[in-house]
>>> print(open('start27.txt').read())   # compact mmCIF, C-alpha atoms
# COMPACT_ATOMS: atom_id res chain seq x y z
CA MET D 1 19.58 -4.15 10.36
CA THR D 2 15.94 -4.18 11.40
CA ASP D 3 15.82 -0.58 10.20
CA LEU D 4 17.20 -1.56 6.81
CA LEU D 5 14.57 -4.27 6.38
CA HIS D 6 11.83 -1.99 7.68
CA GLN D 7 12.88 0.71 5.21
CA ALA D 8 13.01 -1.80 2.34
CA ARG D 9 9.52 -3.06 3.23
CA ARG D 10 8.10 0.46 3.46
CA ARG D 11 9.83 1.42 0.21
CA ALA D 12 8.29 -1.60 -1.56
CA LEU D 13 4.83 -0.80 -0.17
CA ARG D 14 5.11 2.89 -1.03
CA TYR D 15 5.94 1.87 -4.61
CA TRP D 16 2.33 0.66 -4.98
CA VAL D 17 0.92 4.19 -4.53
CA GLU D 18 3.85 6.14 -6.00
CA ASP D 19 2.30 6.46 -9.47
CA GLY D 20 -1.16 7.59 -8.27
CA ILE D 21 -2.95 4.76 -10.12
CA PRO D 22 -4.59 3.26 -6.97
CA ASP D 23 -5.98 6.71 -5.99
CA LEU D 24 -7.23 7.31 -9.52
CA TYR D 25 -8.88 3.87 -9.68
CA THR D 26 -10.54 4.26 -6.27
CA GLY D 27 -11.63 7.83 -7.06
CA ILE D 28 -13.31 6.78 -10.33
CA LEU D 29 -14.94 3.84 -8.51
CA PHE D 30 -16.35 6.18 -5.85
CA LEU D 31 -17.62 8.63 -8.49
CA LEU D 32 -19.32 5.80 -10.41
CA PHE D 33 -20.89 4.54 -7.18
CA THR D 34 -22.15 8.03 -6.31
CA GLY D 35 -23.52 8.60 -9.81
CA LEU D 36 -25.45 5.32 -9.73
CA ARG D 37 -26.74 5.99 -6.21
CA PHE D 38 -28.00 9.45 -7.24
CA LEU D 39 -29.61 7.83 -10.31
CA ALA D 40 -31.41 5.34 -8.04
CA GLN D 41 -32.63 8.16 -5.77
CA TRP D 42 -33.80 10.25 -8.71
CA ALA D 43 -35.58 7.22 -10.24
CA GLU D 44 -37.26 6.53 -6.90
CA ARG D 45 -38.70 10.05 -6.81
CA GLN D 46 -39.80 9.78 -10.45
CA GLN D 47 -41.10 6.22 -9.87
CA GLN D 48 -39.00 4.82 -12.71
CA ALA D 49 -38.58 1.18 -11.69
CA THR D 50 -36.09 0.24 -14.42
CA TRP D 51 -33.70 3.10 -13.68
CA MET D 52 -34.09 2.48 -9.98
CA ALA D 53 -32.96 -1.12 -10.48
CA VAL D 54 -30.07 0.03 -12.70
CA GLY D 55 -28.95 2.53 -10.06
CA PHE D 56 -29.35 0.18 -7.10
CA PHE D 57 -27.82 -2.98 -8.56
CA GLY D 58 -25.29 -1.00 -10.58
CA SER D 59 -23.93 0.76 -7.47
CA LEU D 60 -23.79 -2.58 -5.65
CA ALA D 61 -21.96 -4.19 -8.58
CA VAL D 62 -19.51 -1.28 -8.89
CA ILE D 63 -18.49 -1.52 -5.24
CA LEU D 64 -18.37 -5.34 -5.08
CA LEU D 65 -16.66 -5.98 -8.43
CA GLY D 66 -14.47 -2.89 -8.10
CA THR D 67 -13.19 -4.08 -4.74
CA LEU D 68 -12.79 -7.73 -5.74
CA LEU D 69 -11.11 -7.02 -9.07
CA GLY D 70 -9.27 -3.89 -7.93
CA ARG D 71 -5.89 -5.52 -7.46
CA PHE D 72 -6.01 -7.23 -10.89
CA ILE D 73 -7.19 -4.12 -12.73
CA ILE D 74 -4.61 -1.87 -11.06
CA ASP D 75 -1.90 -4.45 -11.77
CA ALA D 76 -2.95 -4.65 -15.44
CA ILE D 77 -2.66 -0.84 -15.73
CA LYS D 78 0.68 -0.87 -13.93
CA GLN D 79 1.97 -3.46 -16.41
CA ARG D 80 1.48 -0.91 -19.17
CA VAL D 81 2.37 2.29 -17.30
CA THR D 82 4.59 1.68 -14.27
CA TYR D 83 6.60 -1.51 -14.79
CA PRO D 84 8.16 -0.41 -18.11
CA ARG D 85 9.25 2.83 -16.42
CA THR D 86 10.40 2.13 -12.88
CA GLY D 87 10.21 -1.65 -12.70
CA TYR D 88 8.11 -4.56 -11.61
CA VAL D 89 7.81 -5.93 -8.10
CA ALA D 90 5.75 -8.85 -6.76
CA TYR D 91 4.85 -8.53 -3.10
CA ALA D 92 5.47 -11.37 -0.70
CA ALA D 93 2.48 -13.01 0.97
CA PRO D 94 1.91 -11.58 4.46
CA SER D 95 3.74 -13.39 7.24
CA LYS D 96 1.95 -15.00 10.20
CA LYS D 97 2.84 -11.99 12.34
CA GLU D 98 1.42 -9.58 9.75
CA ARG D 99 -1.75 -11.67 9.41
CA ARG D 100 -2.16 -11.65 13.20
CA LYS D 101 -1.79 -7.84 13.16
CA GLN D 102 -4.46 -7.54 10.44
CA MET D 103 -6.82 -9.77 12.43
CA ALA D 104 -6.20 -7.75 15.59
CA PHE D 105 -6.90 -4.55 13.67
CA THR D 106 -10.19 -5.91 12.26
CA LEU D 107 -11.19 -7.12 15.72
CA LEU D 108 -10.41 -3.72 17.22
CA LEU D 109 -12.50 -2.00 14.58
CA GLY D 110 -15.38 -4.42 15.24
CA LEU D 111 -15.16 -3.77 18.97
CA LEU D 112 -15.10 -0.02 18.39
CA LEU D 113 -18.25 -0.21 16.24
CA THR D 114 -19.97 -2.44 18.81
CA GLY D 115 -18.91 0.03 21.51
CA ILE D 116 -20.51 2.90 19.64
CA VAL D 117 -23.80 0.99 19.38
CA LEU D 118 -23.76 0.02 23.05
CA VAL D 119 -22.75 3.40 24.42
CA HIS D 120 -24.92 5.43 22.08
CA PRO D 121 -27.84 3.28 20.87
CA GLN D 122 -29.55 6.21 19.16
CA PRO D 123 -26.80 8.46 17.88
CA LEU D 124 -27.63 11.69 16.11
CA LEU D 125 -26.02 10.28 13.00
CA PRO D 126 -27.43 6.94 11.77
CA PHE D 127 -25.22 4.02 12.76
CA ARG D 128 -24.44 2.98 9.18
CA LEU D 129 -22.90 6.41 8.55
CA TRP D 130 -20.83 6.21 11.71
CA ALA D 131 -19.64 2.75 10.76
CA LEU D 132 -18.93 3.71 7.16
CA HIS D 133 -16.86 6.76 8.08
CA LEU D 134 -15.00 4.91 10.80
CA ILE D 135 -14.07 2.06 8.43
CA LEU D 136 -13.08 4.44 5.62
CA PHE D 137 -11.03 6.54 8.05
CA PHE D 138 -9.11 3.56 9.43
CA VAL D 139 -8.50 2.03 6.00
CA ALA D 140 -7.10 5.33 4.65
CA LEU D 141 -5.05 5.85 7.81
CA THR D 142 -3.61 2.32 7.65
CA ILE D 143 -2.57 2.80 4.02
CA ALA D 144 -1.03 6.18 4.91
CA TRP D 145 0.90 4.69 7.81
CA GLN D 146 2.03 1.47 6.14
CA MET D 147 2.98 3.02 2.81
CA GLY D 148 4.12 6.39 4.14
CA SER D 149 1.69 8.17 1.83
CA PRO D 150 0.79 11.79 2.76
CA ARG D 151 -2.05 11.71 0.20
CA PHE D 152 -3.83 8.93 2.08
CA LEU D 153 -3.28 10.78 5.36
CA PHE D 154 -5.02 13.73 3.74
CA TYR D 155 -7.94 11.52 2.60
CA SER D 156 -8.30 10.10 6.13
CA LEU D 157 -8.39 13.62 7.58
CA VAL D 158 -11.05 14.63 5.03
CA ILE D 159 -13.18 11.64 6.12
CA LEU D 160 -12.77 12.62 9.78
CA PHE D 161 -13.66 16.22 8.97
CA LEU D 162 -16.79 15.18 7.02
CA ALA D 163 -17.94 12.76 9.73
CA THR D 164 -17.55 15.44 12.40
CA GLY D 165 -19.39 17.94 10.21
CA TYR D 166 -22.33 15.57 9.66
CA HIS D 167 -22.46 14.75 13.35
CA LEU D 168 -22.65 18.40 14.36
CA THR D 169 -25.18 19.45 11.71
CA TRP D 170 -27.26 16.29 11.07
CA GLU D 171 -30.33 17.49 13.01
CA ARG D 172 -30.53 20.62 10.89
CA TRP D 173 -30.59 18.62 7.62
CA SER D 174 -34.00 18.32 5.95
CA PRO D 175 -35.28 14.73 5.43
CA SER D 176 -34.76 15.05 1.67
CA THR D 177 -31.14 16.14 2.18
CA GLN D 178 -30.62 13.38 4.74
CA ARG D 179 -31.84 10.91 2.11
CA LEU D 180 -28.92 12.05 -0.09
CA MET D 181 -26.66 10.43 2.49
CA THR D 182 -28.36 7.00 2.65
CA TYR D 183 -25.11 5.19 1.87
CA GLY D 184 -22.70 8.06 2.46
CA GLU D 185 -23.07 9.38 -1.10
CA ILE D 186 -21.76 12.88 -0.30
CA THR D 187 -18.65 11.43 1.34
CA PHE D 188 -18.05 9.16 -1.66
CA LEU D 189 -18.56 12.13 -3.98
CA VAL D 190 -16.05 14.32 -2.11
CA LEU D 191 -13.55 11.46 -1.80
CA GLY D 192 -14.11 10.48 -5.43
CA VAL D 193 -13.30 13.98 -6.65
CA LEU D 194 -10.28 14.37 -4.35
CA MET D 195 -8.84 10.92 -5.11
CA THR D 196 -9.37 11.26 -8.87
CA LEU D 197 -7.67 14.66 -8.87
CA GLY D 198 -4.90 13.53 -6.48
CA GLY D 199 -4.28 10.36 -8.49
CA ALA D 200 -4.33 12.14 -11.85
CA PHE D 201 -1.95 14.85 -10.64
CA THR D 202 0.43 12.25 -9.16
CA LEU D 203 0.28 10.13 -12.32
CA VAL D 204 1.08 13.09 -14.59
CA ARG D 205 4.01 14.06 -12.36
CA TYR D 206 5.22 10.43 -12.28
CA LEU D 207 5.04 10.14 -16.10
CA LYS D 208 7.02 13.38 -16.48
CA GLN D 209 9.67 12.23 -14.01
CA HIS D 210 9.98 8.77 -15.53
CA PRO D 211 9.78 8.81 -19.31
CA LEU D 212 9.58 5.42 -21.02
CA ALA D 213 13.16 4.13 -21.27
CA GLU D 214 14.80 1.36 -23.25
CA GLU D 215 15.19 -2.07 -21.67
CA VAL D 216 18.02 -2.29 -19.17
CA SER D 217 19.65 -5.40 -17.79
CA MET T 1 52.34 -15.64 25.44
CA ARG T 2 48.66 -15.30 26.33
CA ALA T 3 46.14 -16.72 23.90
CA GLN T 4 43.99 -14.06 22.17
CA PRO T 5 40.26 -14.30 22.96
CA PRO T 6 38.27 -15.48 19.94
CA GLY T 7 37.09 -12.50 17.86
CA PRO T 8 33.66 -12.22 16.31
CA ALA T 9 32.94 -14.78 13.60
CA PRO T 10 33.67 -13.36 10.14
CA VAL T 11 30.75 -11.78 8.37
CA ASP T 12 29.69 -12.95 4.93
CA PRO T 13 31.79 -10.70 2.62
CA ILE T 14 29.39 -11.22 -0.27
CA ILE T 15 26.51 -9.59 1.65
CA HIS T 16 28.60 -7.15 3.70
CA ALA T 17 29.25 -4.73 0.80
CA PRO T 18 26.76 -1.82 1.21
CA ALA T 19 25.34 -2.02 -2.33
CA ARG T 20 24.84 -5.79 -2.14
CA LEU T 21 23.34 -5.49 1.34
CA THR T 22 20.78 -3.01 -0.03
CA ILE T 23 19.97 -5.37 -2.93
CA MET T 24 19.60 -8.33 -0.55
CA ALA T 25 17.39 -6.34 1.86
CA THR T 26 15.23 -5.14 -1.05
CA LEU T 27 14.77 -8.67 -2.38
CA ALA T 28 14.27 -10.12 1.11
CA VAL T 29 10.98 -8.26 1.62
CA VAL T 30 9.42 -9.02 -1.78
CA GLN T 31 8.68 -12.18 -3.70
CA GLU T 32 10.59 -10.96 -6.78
CA ALA T 33 11.56 -7.72 -8.50
CA ASP T 34 12.97 -6.78 -11.85
CA PHE T 35 16.24 -5.07 -12.71
CA ARG T 36 14.55 -1.73 -13.33
CA TYR T 37 12.89 -1.73 -9.89
CA LEU T 38 16.23 -2.47 -8.23
CA LEU T 39 17.78 0.41 -10.23
CA HIS T 40 14.94 2.70 -9.08
CA VAL T 41 15.20 1.72 -5.42
CA THR T 42 18.96 1.33 -4.93
CA GLU T 43 19.87 4.32 -7.13
CA LEU T 44 22.94 2.44 -8.37
CA THR T 45 24.16 2.78 -11.96
CA LYS T 46 23.21 0.04 -14.44
CA GLY T 47 26.77 -1.26 -14.63
CA ASN T 48 27.20 -1.26 -10.87
CA LEU T 49 23.91 -3.03 -10.23
CA SER T 50 24.64 -5.57 -12.94
CA ALA T 51 28.07 -6.34 -11.43
CA HIS T 52 26.70 -6.73 -7.90
CA LEU T 53 23.84 -8.93 -9.10
CA SER T 54 26.34 -11.15 -10.96
CA LYS T 55 28.33 -11.60 -7.74
CA LEU T 56 25.20 -12.50 -5.80
CA GLU T 57 24.15 -14.89 -8.55
CA GLU T 58 27.60 -16.53 -8.56
CA ALA T 59 27.31 -17.05 -4.81
CA GLY T 60 23.92 -18.71 -5.37
CA TYR T 61 22.10 -16.05 -3.34
CA VAL T 62 20.09 -14.56 -6.19
CA GLU T 63 18.29 -16.21 -9.07
CA ILE T 64 18.04 -14.19 -12.30
CA GLU T 65 15.46 -15.00 -14.94
CA LYS T 66 15.11 -13.26 -18.28
CA THR T 67 11.52 -13.17 -19.46
CA PHE T 68 8.86 -11.00 -21.14
CA ARG T 69 5.79 -9.25 -19.75
CA GLY T 70 3.67 -8.28 -22.73
CA LYS T 71 6.13 -6.78 -25.20
CA TYR T 72 8.57 -5.64 -22.53
CA PRO T 73 11.61 -7.78 -21.70
CA LEU T 74 12.07 -8.30 -17.98
CA THR T 75 15.05 -9.36 -15.91
CA ILE T 76 13.48 -10.86 -12.81
CA CYS T 77 15.60 -11.22 -9.66
CA ARG T 78 14.65 -13.17 -6.56
CA LEU T 79 16.46 -14.49 -3.50
CA THR T 80 17.16 -18.21 -3.49
CA GLU T 81 16.59 -20.29 -0.35
CA LYS T 82 20.37 -20.22 0.19
CA GLY T 83 20.29 -16.44 -0.20
CA ARG T 84 17.48 -16.07 2.34
CA GLN T 85 19.31 -18.24 4.85
CA ALA T 86 22.58 -16.36 4.30
CA PHE T 87 20.83 -13.01 4.70
CA GLU T 88 19.06 -14.17 7.87
CA ALA T 89 22.36 -15.46 9.30
CA TYR T 90 24.08 -12.17 8.41
CA ARG T 91 21.22 -10.19 9.99
CA ARG T 92 21.39 -12.20 13.22
CA HIS T 93 25.17 -11.93 13.31
CA MET T 94 25.07 -8.14 12.93
CA MET T 95 22.31 -7.75 15.51
CA THR T 96 24.32 -9.74 18.05
CA PHE T 97 27.45 -7.78 17.21
CA LEU T 98 25.69 -4.42 17.61
CA GLN T 99 24.08 -5.53 20.90
CA ASN T 100 27.50 -6.57 22.22
CA VAL T 101 29.01 -3.23 21.22
CA GLN T 102 26.17 -1.41 22.96
CA THR T 103 26.53 -3.53 26.13
CA SER T 104 30.30 -3.08 26.35
CA SER T 105 30.10 0.69 25.73
CA SER T 106 27.46 1.11 28.45
CA GLU T 107 29.60 -1.01 30.81
CA GLU T 108 32.61 1.21 30.09
CA GLN T 109 30.58 4.33 30.81
CA SER T 110 29.35 2.98 34.17
>>> encode(input="start27.txt", output="structure tokens")
Amino acid sequence: MTDLLHQARRRALRYWVEDGIPDLYTGILFLLFTGLRFLAQWAERQQQATWMAVGFFGSLAVILLGTLLGRFIIDAIKQRVTYPRTGYVAYAAPSKKERRKQMAFTLLLGLLLTGIVLVHPQPLLPFRLWALHLILFFVALTIAWQMGSPRFLFYSLVILFLATGYHLTWERWSPSTQRLMTYGEITFLVLGVLMTLGGAFTLVRYLKQHPLAEEVS
Amino acid sequence: MRAQPPGPAPVDPIIHAPARLTIMATLAVVQEADFRYLLHVTELTKGNLSAHLSKLEEAGYVEIEKTFRGKYPLTICRLTEKGRQAFEAYRRHMMTFLQNVQTSSSEEQS
């Protein structure tokens, strides 16, 4: 019985990523962020104050608004694409137990980051990059585990691979190349490309498998 | 004549049918879902799903609401409070039953 409920819950959660729209949305968001960050860096070198402001505040706005409005935007797209094909589902609010789990997870992540600072106060890789990759890795891994999505497992492994690569080679990077990674731009670029492609491929396959049907009831 | 020991309490026959149990479990973990989603998840035929939903609605376990989302008509299904309680009772009953079966089979083996 617990299995049946567990399966139903996982099935409902997996439904959210089944059409590839969340990957596609996140991928485009990451690419926009990277583009604006590179614009800010280029403008800084060229001493173009206006473009620098556009790049800096634009990238901040893309990440903040994109994250805050993500659920609504994805839901609005799903209303046009997914719900008429394979149906609509509204998720239940998380239970107390689930909320406690989320809090414990956040606390664990916080402790892990604090641990890294305490154990290794001057790591080879700047702390913000460690923290960024660790957070991205755990978020992707949690989605992969909760929703049973192999794509998100792949993204989490890519993040781990990139973080390890930076760690091993960081000292050999020139200062100008290191500046390209101020806010993890290369990681966002790689993830942006992979998630956009993964999402687009999944969406095309989903649309082929589920052509728009007439109303059923 | 010796009196028979009391058997297990009868399970709710409305929920016990496999298709209806799947529908109930699906609706138990979400706030609401439409007919098309239930079709997609349960892999039942339209007629079958419709018949099972009618039975659950008659029993007062499921609430069905016909509405529109944009230009698409939607048949929204959700568990009622009575349905949630009945499903929880059924779940507990089956868990106890399965635990008892497990205990008695391990006792027989030892």
>>> closest_atom_pairs(input="start27.txt", of="chain T", to="chain D", cutoff="10 Å", atoms="all atoms listed in the file", output="JSON lines")
{"residue": "T:Leu21", "atom": "CA", "partner": "D:Leu4", "partner_atom": "CA", "distance": 9.1}
{"residue": "T:Thr22", "atom": "CA", "partner": "D:Leu4", "partner_atom": "CA", "distance": 7.9}
{"residue": "T:Ile23", "atom": "CA", "partner": "D:Ala8", "partner_atom": "CA", "distance": 9.4}
{"residue": "T:Met24", "atom": "CA", "partner": "D:Leu5", "partner_atom": "CA", "distance": 9.5}
{"residue": "T:Ala25", "atom": "CA", "partner": "D:Leu5", "partner_atom": "CA", "distance": 5.7}
{"residue": "T:Thr26", "atom": "CA", "partner": "D:Ala8", "partner_atom": "CA", "distance": 5.3}
{"residue": "T:Leu27", "atom": "CA", "partner": "D:Ala8", "partner_atom": "CA", "distance": 8.5}
{"residue": "T:Ala28", "atom": "CA", "partner": "D:Leu5", "partner_atom": "CA", "distance": 7.9}
{"residue": "T:Val29", "atom": "CA", "partner": "D:Arg9", "partner_atom": "CA", "distance": 5.6}
{"residue": "T:Val30", "atom": "CA", "partner": "D:Ala92", "partner_atom": "CA", "distance": 4.7}
{"residue": "T:Gln31", "atom": "CA", "partner": "D:Ala92", "partner_atom": "CA", "distance": 4.5}
{"residue": "T:Glu32", "atom": "CA", "partner": "D:Ala90", "partner_atom": "CA", "distance": 5.3}
{"residue": "T:Ala33", "atom": "CA", "partner": "D:Val89", "partner_atom": "CA", "distance": 4.2}
{"residue": "T:Asp34", "atom": "CA", "partner": "D:Tyr88", "partner_atom": "CA", "distance": 5.3}
{"residue": "T:Phe35", "atom": "CA", "partner": "D:Ser217", "partner_atom": "CA", "distance": 6.1}
{"residue": "T:Arg36", "atom": "CA", "partner": "D:Gly87", "partner_atom": "CA", "distance": 4.4}
{"residue": "T:Tyr37", "atom": "CA", "partner": "D:Gly87", "partner_atom": "CA", "distance": 3.9}
{"residue": "T:Leu38", "atom": "CA", "partner": "D:Gly87", "partner_atom": "CA", "distance": 7.5}
{"residue": "T:Leu39", "atom": "CA", "partner": "D:Thr86", "partner_atom": "CA", "distance": 8.0}
{"residue": "T:His40", "atom": "CA", "partner": "D:Thr86", "partner_atom": "CA", "distance": 5.9}
{"residue": "T:Val41", "atom": "CA", "partner": "D:Arg11", "partner_atom": "CA", "distance": 7.8}
{"residue": "T:Thr42", "atom": "CA", "partner": "D:Ala8", "partner_atom": "CA", "distance": 9.9}
{"residue": "T:Lys46", "atom": "CA", "partner": "D:Ser217", "partner_atom": "CA", "distance": 7.3}
{"residue": "T:Gly47", "atom": "CA", "partner": "D:Ser217", "partner_atom": "CA", "distance": 8.8}
{"residue": "T:Leu49", "atom": "CA", "partner": "D:Ser217", "partner_atom": "CA", "distance": 9.0}
{"residue": "T:Ser50", "atom": "CA", "partner": "D:Ser217", "partner_atom": "CA", "distance": 7.0}
{"residue": "T:Lys66", "atom": "CA", "partner": "D:Ser217", "partner_atom": "CA", "distance": 9.1}
{"residue": "T:Arg69", "atom": "CA", "partner": "D:Gln79", "partner_atom": "CA", "distance": 7.7}
{"residue": "T:Gly70", "atom": "CA", "partner": "D:Gln79", "partner_atom": "CA", "distance": 8.1}
{"residue": "T:Lys71", "atom": "CA", "partner": "D:Arg80", "partner_atom": "CA", "distance": 9.6}
{"residue": "T:Tyr72", "atom": "CA", "partner": "D:Pro84", "partner_atom": "CA", "distance": 6.9}
{"residue": "T:Pro73", "atom": "CA", "partner": "D:Glu215", "partner_atom": "CA", "distance": 6.7}
{"residue": "T:Leu74", "atom": "CA", "partner": "D:Glu215", "partner_atom": "CA", "distance": 7.9}
{"residue": "T:Thr75", "atom": "CA", "partner": "D:Ser217", "partner_atom": "CA", "distance": 6.4}
{"residue": "T:Ile76", "atom": "CA", "partner": "D:Tyr88", "partner_atom": "CA", "distance": 8.4}
{"residue": "T:Cys77", "atom": "CA", "partner": "D:Val89", "partner_atom": "CA", "distance": 9.5}
{"residue": "T:Arg78", "atom": "CA", "partner": "D:Ala90", "partner_atom": "CA", "distance": 9.9}
{"residue": "T:Tyr90", "atom": "CA", "partner": "D:Met1", "partner_atom": "CA", "distance": 9.4}
{"residue": "T:Arg91", "atom": "CA", "partner": "D:Met1", "partner_atom": "CA", "distance": 6.3}
{"residue": "T:Arg92", "atom": "CA", "partner": "D:Met1", "partner_atom": "CA", "distance": 8.7}
{"residue": "T:Met94", "atom": "CA", "partner": "D:Met1", "partner_atom": "CA", "distance": 7.3}
{"residue": "T:Met95", "atom": "CA", "partner": "D:Met1", "partner_atom": "CA", "distance": 6.9}
{"residue": "T:Leu98", "atom": "CA", "partner": "D:Met1", "partner_atom": "CA", "distance": 9.5}
>>> closest_residue(input="start27.txt", among="D:Leu60, D:Leu136, D:Pro126, D:Leu109", to="Glu171 in chain D", atoms="only C-alpha atoms")
D:Pro126
>>> closest_residue(input="start27.txt", among="T:Glu43, T:Glu107, T:Glu65, T:Asp12", to="Gly83 in chain T", atoms="only C-alpha atoms")
T:Asp12
>>> atom_distance(input="start27.txt", atom1="CA of Pro150 in chain D", atom2="CA of His167 in chain D")
25.7 Å
>>> atom_distance(input="start27.txt", atom1="CA of Gly110 in chain D", atom2="CA of Arg128 in chain D")
13.2 Å
>>> atom_distance(input="start27.txt", atom1="CA of Leu32 in chain D", atom2="CA of Gly198 in chain D")
16.8 Å
>>> closest_residue(input="start27.txt", among="D:Val190, D:Val158, D:Leu36, D:Val139", to="Gly55 in chain D", atoms="only C-alpha atoms")
D:Leu36
>>> residues_around(input="start27.txt", residues="range 130-133 of chain D", least_positions_apart="3", cutoff="8 Å", atoms="all atoms listed in the file", output="mmCIF file with C-alpha atoms, keeping the file's coordinate frame")
data_model
loop_
_atom_site.group_PDB
_atom_site.id
_atom_site.type_symbol
_atom_site.label_atom_id
_atom_site.label_comp_id
_atom_site.auth_asym_id
_atom_site.auth_seq_id
_atom_site.Cartn_x
_atom_site.Cartn_y
_atom_site.Cartn_z
ATOM 1 C CA LEU D 113 -18.250 -0.210 16.240
ATOM 2 C CA LEU D 125 -26.020 10.280 13.000
ATOM 3 C CA PRO D 126 -27.430 6.940 11.770
ATOM 4 C CA PHE D 127 -25.220 4.020 12.760
ATOM 5 C CA LEU D 136 -13.080 4.440 5.620
ATOM 6 C CA PHE D 137 -11.030 6.540 8.050
ATOM 7 C CA ILE D 159 -13.180 11.640 6.120
ATOM 8 C CA LEU D 160 -12.770 12.620 9.780
ATOM 9 C CA ALA D 163 -17.940 12.760 9.730
ATOM 10 C CA GLY D 184 -22.700 8.060 2.460
#
>>> residues_around(input="start27.txt", residues="Met147 in chain D", least_positions_apart="2", cutoff="7 Å", atoms="all atoms listed in the file", output="list in words")
Arg10, Leu13, Arg14, Ile143, Ala144, Trp145 and Ser149 of chain D
>>> closest_residue(input="start27.txt", among="D:Met181, D:Met195, D:Val17, D:Val62", to="Phe154 in chain D", atoms="all atoms listed in the file")
D:Met195
>>> residues_around(input="start27.txt", residues="range 20-25 of chain D", least_positions_apart="4", cutoff="6 Å", atoms="all atoms listed in the file", output="list in words")
Met195, Thr196, Gly199, Thr202 and Leu203 of chain D
